[in-house]
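So the structure is just underneath, and the comments pick up after that.
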Amino acid sequence: NGIDGSVAYNTTQSGITDRHNPSANINVHSGRADLYASAWGSFGSDRTITDEQTLYNAAHKSLSAHSEMKGRTRSFGASAGTVVEIAPRHSVGAEFEYWRNRDGEPNDTYTDFRTADKTVRTESRFDNRNHRDNYSATFNYIWKIDTLGSTFKVLGDYAHRNTGIGHRNRSLTTGEGLAAAVDSLYRDRTRSSYDVAALTLALEKNFSPRWSLKTGAKYTRNEMRNDALYEYSDEGAWVRNDDQSFVINYTEHITAAYGVVTANLGRWSLVAGLRGEYTHTYGRNDVGQDYFSLFPNANLSWQFSKERGHSIVAQYARTIERPRFWCLTPQRTQISDYTYQTGNPLLAPAYEQDISLTLVLGHRYTLTAGVELQKDEINQTIRADKDNPDMLGIHWVNFDNTKTWYASVSLPFQPTKWMQLNIQANYMRRGQRLDQHAPESFQNILMANAATTITLPANFFIDLSYSYQSRVELGNVAVKPMHLAHAAIKKRFGERFTLTCKVANLTDSPQRIEAKGEGFVRNLRCRQTWCSRSYVIGLTYNFQAGKAFRQRSIEAGAAEDKGRM
């Protein structure tokens, strides 16, 4: 029997950030029961500063814009779970979680729009308020069938989320060629609710230390309800905008069954499986979907030096990525005077085939090479609005087939007893088509990071890390190269307290984005918390009583499904 846990607090401070994050957790083992609980909070404010330059090369127009979004967050959550052994081979468990998020993000922006003979200025305030309440529960029943480790599991999952998003926007347009200033006032509110329920039955049968079989079935029901009202002010009265208001109710049923065989045959090891899924949906603007898909996977490994830990692994898998629920909502959010973002109820799922070969040396060093073939990749694109070509919209779309050749290496070193160094690098050659049946274009992408921990006397530690990402093009949007570096020093006081002081984003470099479309080129320079230099101070208190124990926790069967919320 024993108890352990921790209490922690950290704060992040910079010229644009003021955040405070308390957290606590506790784990208890008593007799046949394990109990655990945690709570956290996130409170504070931050700013996002964006500068924009757009050239409309087909119409001899241009604009320059500046916006400053002031975010304020009030979020907290808690979870608790227990696992109880009701008989020597039978256990049940349950976990409950709740979290709430409240955000306010007023965005003040101005834009100068230039043509050959005049300049028009628009000054706006886009006031965004949103809240999210999330409840989830997970249930487990596990039966240990025999002494070889065979099990039968019943996993039940349920999650519910209520979301409310509202905007109150005002724009004032003045300039040459206007008889009078144009004052626009408009607002919207969207109420959404999401439900995810899943039931999983899983049998794992170990016939011997060499052979095992996993098989099971799963049913998932996803439901999304959206009600959006858009209004504009006309001589002091609010008028409904029927072109943008909508009601969309979307229900998805997914039934799946799978089988996986594992064989350990000396130096050879094989894992091979097949999953079949049938999906039936209705809603999405009265467009239904019915499709059945098979997803095979295989993993074959060979140890060519068992004593030294050298092996080679060949893998193949076909997977599916379904669109996140908020990507399916055609809610229109004004980001700046000439930019908005919206979802797409007609998004289709994306399918991917991944083939790879991995070399493992000394159980530590890995080198992987492979190819990903993706159909209907889900991504965003920027294009001119059909009713106002000067306005650009960010839309969720399905790309045509994409292809990515890749290689990755992971090199963990320990040059001395007091130093650890990890180096990782990933190279990709990505081919994509901007539109259906358009010519395929290729780009080379490099991502690398290095991290080291240095142990000093008197329980001091130094953590240093650096990451690099080359230019990345996704559709007609390109993220320019980025560098991130962090440095931290930690001091441990006995076995209880740890103090951390960190400088994040030493380079203090803004993110730069470029978008090119038919008739326009846009460049953005954005400063936000994750890429600006900030200072973090954290204090953690650890406690423990009784004997050390291995904590048991709840196994979720619908983590990927809940992630779509």
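Letters for chains follow the order of the structure tokens (A, B, ...), residue numbers begin at 1 for each chain, and ligand numbers begin at 1 in the order shown.
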
Practice item. Fewer than 6 positions away in the same chain doesn't count, so skip those; otherwise give me all residues within 9 Å of Ser311 (chain A), counting only C-alpha atoms, as a ChimeraX atom specification. Key: /A:267,301-305,358-363

**Study point:** Long-range neighbours of Gly475 (chain A) as an NGL selection string, 7 Å cut-off, only C-alpha atoms, 2 positions minimum in chain
**Key:** :A and (381 or 434 or 473 or 477)

**Study point:** Selected residue of minimal separation from Asp376 (chain A) among A:Ala298, A:Phe413, A:Ile423, A:Arg322, counting only C-alpha atoms
**Key:** A:Arg322

Check your understanding: A:Val313, A:Leu265, A:Gln334, A:Lys70: which is nearest Arg168 (chain A), counting only C-alpha atoms?
Key ->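 For Arg168 (chain A), the nearest of the given residues is A:Gln334.
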
Check your understanding: Restricting the calculation to only C-alpha atoms, which member of A:Pro349, A:Gly343, A:Pro22, A:Gly519 is positioned closest to Thr319 (chain A)?
Key ->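 Nearest to Thr319 (chain A): A:Pro349.
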
Check your understanding: What does the distance from CA of Ile554 (chain A) to CA of Arg161 (chain A) come to in Å, to one decimal?
Key ->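 Atom-to-atom, CA of Ile554 (chain A) and CA of Arg161 (chain A) are spaced 20.8 Å apart.
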
Point to revise | Close residues, region 212-216 of chain A itself excluded, 12 Å, only C-alpha atoms, min 4 positions apart in chain, as an MDAnalysis selection string | key: chainID A and resid 148:155 199:208 255:265 269:276 557

**Study point:** For CA of Leu539 (chain A) and CA of Lys502 (chain A), the interatomic separation in Å (one decimal)
**Key:**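 Computed distance, CA of Leu539 (chain A) to CA of Lys502 (chain A), equals 11.7 Å.
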
Point to revise | Ser465 (chain A) environment, 12 Å, only C-alpha atoms, sequence neighbours closer than 5 positions dropped, as a ChimeraX atom specification | key: /A:420-424,448-454,483-488,502-506

With N, CA and C atoms kept, could you save the residues just selected as a PDB file, in the first residue's frame?
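This is the output file result_22.pdb:
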ATOM      1  N   GLN A 420      23.637  13.761 -21.273  1.00  0.00           N
ATOM      2  CA  GLN A 420      22.842  13.002 -22.233  1.00  0.00           C
ATOM      3  C   GLN A 420      22.533  13.895 -23.424  1.00  0.00           C
ATOM      4  N   LEU A 421      22.612  13.332 -24.622  1.00  0.00           N
ATOM      5  CA  LEU A 421      22.383  14.094 -25.846  1.00  0.00           C
ATOM      6  C   LEU A 421      21.508  13.266 -26.781  1.00  0.00           C
ATOM      7  N   ASN A 422      20.431  13.859 -27.282  1.00  0.00           N
ATOM      8  CA  ASN A 422      19.543  13.197 -28.230  1.00  0.00           C
ATOM      9  C   ASN A 422      19.437  14.049 -29.489  1.00  0.00           C
ATOM     10  N   ILE A 423      19.683  13.430 -30.620  1.00  0.00           N
ATOM     11  CA  ILE A 423      19.607  14.113 -31.909  1.00  0.00           C
ATOM     12  C   ILE A 423      18.609  13.371 -32.790  1.00  0.00           C
ATOM     13  N   GLN A 424      17.707  14.110 -33.391  1.00  0.00           N
ATOM     14  CA  GLN A 424      16.726  13.529 -34.307  1.00  0.00           C
ATOM     15  C   GLN A 424      16.655  14.397 -35.556  1.00  0.00           C
ATOM     16  N   ALA A 448      14.783  19.017 -37.783  1.00  0.00           N
ATOM     17  CA  ALA A 448      15.813  18.446 -36.918  1.00  0.00           C
ATOM     18  C   ALA A 448      15.703  19.067 -35.528  1.00  0.00           C
ATOM     19  N   ASN A 449      16.057  18.287 -34.532  1.00  0.00           N
ATOM     20  CA  ASN A 449      16.116  18.832 -33.178  1.00  0.00           C
ATOM     21  C   ASN A 449      17.180  18.110 -32.380  1.00  0.00           C
ATOM     22  N   ALA A 450      17.720  18.824 -31.424  1.00  0.00           N
ATOM     23  CA  ALA A 450      18.745  18.287 -30.526  1.00  0.00           C
ATOM     24  C   ALA A 450      18.421  18.743 -29.111  1.00  0.00           C
ATOM     25  N   ALA A 451      18.606  17.851 -28.158  1.00  0.00           N
ATOM     26  CA  ALA A 451      18.332  18.170 -26.753  1.00  0.00           C
ATOM     27  C   ALA A 451      19.393  17.516 -25.882  1.00  0.00           C
ATOM     28  N   THR A 452      19.839  18.243 -24.886  1.00  0.00           N
ATOM     29  CA  THR A 452      20.848  17.700 -23.974  1.00  0.00           C
ATOM     30  C   THR A 452      20.488  18.046 -22.541  1.00  0.00           C
ATOM     31  N   THR A 453      20.812  17.142 -21.644  1.00  0.00           N
ATOM     32  CA  THR A 453      20.669  17.364 -20.205  1.00  0.00           C
ATOM     33  C   THR A 453      22.034  17.168 -19.566  1.00  0.00           C
ATOM     34  N   ILE A 454      22.454  18.161 -18.813  1.00  0.00           N
ATOM     35  CA  ILE A 454      23.751  18.134 -18.136  1.00  0.00           C
ATOM     36  C   ILE A 454      23.506  18.104 -16.634  1.00  0.00           C
ATOM     37  N   HIS A 483      13.454  28.585 -36.501  1.00  0.00           N
ATOM     38  CA  HIS A 483      14.435  28.116 -35.539  1.00  0.00           C
ATOM     39  C   HIS A 483      13.874  28.368 -34.135  1.00  0.00           C
ATOM     40  N   LEU A 484      13.956  27.374 -33.269  1.00  0.00           N
ATOM     41  CA  LEU A 484      13.522  27.519 -31.887  1.00  0.00           C
ATOM     42  C   LEU A 484      14.615  26.974 -30.970  1.00  0.00           C
ATOM     43  N   ALA A 485      14.965  27.743 -29.938  1.00  0.00           N
ATOM     44  CA  ALA A 485      15.978  27.314 -28.978  1.00  0.00           C
ATOM     45  C   ALA A 485      15.487  27.630 -27.565  1.00  0.00           C
ATOM     46  N   HIS A 486      15.745  26.705 -26.635  1.00  0.00           N
ATOM     47  CA  HIS A 486      15.311  26.857 -25.248  1.00  0.00           C
ATOM     48  C   HIS A 486      16.462  26.496 -24.312  1.00  0.00           C
ATOM     49  N   ALA A 487      16.485  27.140 -23.167  1.00  0.00           N
ATOM     50  CA  ALA A 487      17.499  26.840 -22.148  1.00  0.00           C
ATOM     51  C   ALA A 487      16.842  26.891 -20.782  1.00  0.00           C
ATOM     52  N   ALA A 488      17.160  25.897 -19.944  1.00  0.00           N
ATOM     53  CA  ALA A 488      16.561  25.830 -18.608  1.00  0.00           C
ATOM     54  C   ALA A 488      17.584  25.330 -17.607  1.00  0.00           C
ATOM     55  N   LYS A 502      13.475  28.866 -16.877  1.00  0.00           N
ATOM     56  CA  LYS A 502      13.645  28.578 -18.306  1.00  0.00           C
ATOM     57  C   LYS A 502      13.481  29.850 -19.127  1.00  0.00           C
ATOM     58  N   VAL A 503      14.306  29.939 -20.162  1.00  0.00           N
ATOM     59  CA  VAL A 503      14.122  30.954 -21.192  1.00  0.00           C
ATOM     60  C   VAL A 503      13.710  30.217 -22.465  1.00  0.00           C
ATOM     61  N   ALA A 504      12.491  30.465 -22.915  1.00  0.00           N
ATOM     62  CA  ALA A 504      11.967  29.788 -24.103  1.00  0.00           C
ATOM     63  C   ALA A 504      12.084  30.695 -25.324  1.00  0.00           C
ATOM     64  N   ASN A 505      12.339  30.089 -26.468  1.00  0.00           N
ATOM     65  CA  ASN A 505      12.397  30.819 -27.734  1.00  0.00           C
ATOM     66  C   ASN A 505      13.446  31.925 -27.698  1.00  0.00           C
ATOM     67  N   LEU A 506      14.689  31.499 -27.481  1.00  0.00           N
ATOM     68  CA  LEU A 506      15.785  32.461 -27.381  1.00  0.00           C
ATOM     69  C   LEU A 506      15.927  33.313 -28.642  1.00  0.00           C
TER      70      LEU A 506
END

Review point. Just how far from CA of Thr54 (chain A) is CA of Glu518 (chain A), in Å to one decimal?
Key: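 Going from CA of Glu518 (chain A) over to CA of Thr54 (chain A), I get 12.6 Å.
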
Point to revise | A:Ala558, A:Asn398, A:Leu464, A:Ala237 ranked by distance to Lys218 (chain A), top pick (using only C-alpha atoms) | key: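 Under the stated criterion, the closest residue is A:Ala558.
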
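Excluding Asp195 (chain A) and any residue on its chain fewer than 3 positions from it, the residues at most 8 Å away by only C-alpha atoms are Tyr158, Ala159, His160, Arg161, Arg221, Asn222, Glu223 and Met224 of chain A.
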
Point to revise | For Ala78 (chain A), the nearest of the candidates A:Asn169, A:Thr50, A:Ser38, A:Ser184, counting only C-alpha atoms | key: A:Ser38

Check your understanding: Which polymer residues have any atom within 7 Å of an atom of Asp127 (chain A), counting only C-alpha atoms, with same-chain residues fewer than 2 positions away left out, as a VMD selection string?
Key -> chain A and resid 105 to 107 125 129 167 to 169

Based on the selection just made, write N, CA and C atoms of those residues as a PDB file, in the first residue's frame.
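Listed below is the output, result.pdb:
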ATOM      1  N   GLU A 105     -11.159  37.060 -27.114  1.00  0.00           N
ATOM      2  CA  GLU A 105     -10.066  37.458 -27.999  1.00  0.00           C
ATOM      3  C   GLU A 105     -10.484  38.643 -28.864  1.00  0.00           C
ATOM      4  N   PRO A 106     -10.615  39.839 -28.288  1.00  0.00           N
ATOM      5  CA  PRO A 106     -10.891  41.001 -29.131  1.00  0.00           C
ATOM      6  C   PRO A 106      -9.699  41.305 -30.036  1.00  0.00           C
ATOM      7  N   ASN A 107      -9.990  41.556 -31.305  1.00  0.00           N
ATOM      8  CA  ASN A 107      -8.948  41.769 -32.303  1.00  0.00           C
ATOM      9  C   ASN A 107      -9.150  43.152 -32.921  1.00  0.00           C
ATOM     10  N   ARG A 125     -12.949  46.270 -35.189  1.00  0.00           N
ATOM     11  CA  ARG A 125     -12.785  45.528 -33.939  1.00  0.00           C
ATOM     12  C   ARG A 125     -13.625  44.269 -34.049  1.00  0.00           C
ATOM     13  N   ARG A 129     -15.856  35.859 -28.353  1.00  0.00           N
ATOM     14  CA  ARG A 129     -16.051  35.230 -27.042  1.00  0.00           C
ATOM     15  C   ARG A 129     -16.457  33.776 -27.279  1.00  0.00           C
ATOM     16  N   HIS A 167     -19.389  36.440 -31.951  1.00  0.00           N
ATOM     17  CA  HIS A 167     -18.597  37.570 -32.433  1.00  0.00           C
ATOM     18  C   HIS A 167     -19.492  38.802 -32.509  1.00  0.00           C
ATOM     19  N   ARG A 168     -18.917  39.919 -32.144  1.00  0.00           N
ATOM     20  CA  ARG A 168     -19.574  41.212 -32.343  1.00  0.00           C
ATOM     21  C   ARG A 168     -18.550  42.106 -33.036  1.00  0.00           C
ATOM     22  N   ASN A 169     -18.794  42.411 -34.293  1.00  0.00           N
ATOM     23  CA  ASN A 169     -17.796  43.073 -35.135  1.00  0.00           C
ATOM     24  C   ASN A 169     -18.288  44.441 -35.583  1.00  0.00           C
TER      25      ASN A 169
END

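Distances here use only C-alpha atoms; by that measure, the residue among A:Ile145, A:Ile49, A:Leu411, A:Leu35 closest to Glu95 (chain A) is A:Leu35.
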
Practice item. Give the helix (DSSP H, G or I) residues of region 423-558 of chain A, as assigned by DSSP on the backbone, as a PyMOL selection string. Key: chain A and resi 457-459+529-531

Please produce a file of those selected residues containing all heavy atoms, as a PDB file, in the first residue's frame.
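The new file selection-v8.pdb reads:
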ATOM      1  N   PRO A 457      26.883  19.191  -9.987  1.00  0.00           N
ATOM      2  CA  PRO A 457      26.868  18.895  -8.546  1.00  0.00           C
ATOM      3  C   PRO A 457      25.729  19.620  -7.831  1.00  0.00           C
ATOM      4  O   PRO A 457      25.146  20.567  -8.359  1.00  0.00           O
ATOM      5  CB  PRO A 457      28.244  19.410  -8.077  1.00  0.00           C
ATOM      6  CG  PRO A 457      29.093  19.420  -9.305  1.00  0.00           C
ATOM      7  CD  PRO A 457      28.172  19.734 -10.433  1.00  0.00           C
ATOM      8  N   ALA A 458      25.427  19.162  -6.641  1.00  0.00           N
ATOM      9  CA  ALA A 458      24.415  19.764  -5.765  1.00  0.00           C
ATOM     10  C   ALA A 458      23.019  19.713  -6.390  1.00  0.00           C
ATOM     11  O   ALA A 458      22.189  20.597  -6.158  1.00  0.00           O
ATOM     12  CB  ALA A 458      24.783  21.205  -5.414  1.00  0.00           C
ATOM     13  N   ASN A 459      22.746  18.679  -7.188  1.00  0.00           N
ATOM     14  CA  ASN A 459      21.426  18.467  -7.780  1.00  0.00           C
ATOM     15  C   ASN A 459      20.977  19.617  -8.674  1.00  0.00           C
ATOM     16  O   ASN A 459      19.794  20.007  -8.684  1.00  0.00           O
ATOM     17  CB  ASN A 459      20.378  18.221  -6.688  1.00  0.00           C
ATOM     18  CG  ASN A 459      20.464  16.824  -6.114  1.00  0.00           C
ATOM     19  OD1 ASN A 459      20.841  15.876  -6.803  1.00  0.00           O
ATOM     20  ND2 ASN A 459      20.112  16.684  -4.839  1.00  0.00           N
ATOM     21  N   THR A 529       2.794  33.703 -28.667  1.00  0.00           N
ATOM     22  CA  THR A 529       3.502  33.202 -27.485  1.00  0.00           C
ATOM     23  C   THR A 529       4.537  32.145 -27.825  1.00  0.00           C
ATOM     24  O   THR A 529       5.665  32.184 -27.339  1.00  0.00           O
ATOM     25  CB  THR A 529       2.483  32.648 -26.480  1.00  0.00           C
ATOM     26  OG1 THR A 529       1.595  33.698 -26.095  1.00  0.00           O
ATOM     27  CG2 THR A 529       3.187  32.110 -25.247  1.00  0.00           C
ATOM     28  N   TRP A 530       4.175  31.178 -28.669  1.00  0.00           N
ATOM     29  CA  TRP A 530       5.047  30.016 -28.870  1.00  0.00           C
ATOM     30  C   TRP A 530       6.339  30.369 -29.601  1.00  0.00           C
ATOM     31  O   TRP A 530       7.303  29.601 -29.544  1.00  0.00           O
ATOM     32  CB  TRP A 530       4.304  28.920 -29.601  1.00  0.00           C
ATOM     33  CG  TRP A 530       3.950  29.218 -31.023  1.00  0.00           C
ATOM     34  CD1 TRP A 530       2.772  29.732 -31.474  1.00  0.00           C
ATOM     35  CD2 TRP A 530       4.765  29.028 -32.167  1.00  0.00           C
ATOM     36  NE1 TRP A 530       2.803  29.880 -32.831  1.00  0.00           N
ATOM     37  CE2 TRP A 530       4.018  29.451 -33.289  1.00  0.00           C
ATOM     38  CE3 TRP A 530       6.053  28.541 -32.366  1.00  0.00           C
ATOM     39  CZ2 TRP A 530       4.521  29.412 -34.584  1.00  0.00           C
ATOM     40  CZ3 TRP A 530       6.550  28.493 -33.658  1.00  0.00           C
ATOM     41  CH2 TRP A 530       5.791  28.922 -34.749  1.00  0.00           C
ATOM     42  N   CYS A 531       6.396  31.505 -30.316  1.00  0.00           N
ATOM     43  CA  CYS A 531       7.615  31.839 -31.049  1.00  0.00           C
ATOM     44  C   CYS A 531       8.298  33.086 -30.518  1.00  0.00           C
ATOM     45  O   CYS A 531       9.308  33.532 -31.091  1.00  0.00           O
ATOM     46  CB  CYS A 531       7.336  31.985 -32.540  1.00  0.00           C
ATOM     47  SG  CYS A 531       6.161  33.289 -32.957  1.00  0.00           S
TER      48      CYS A 531
END
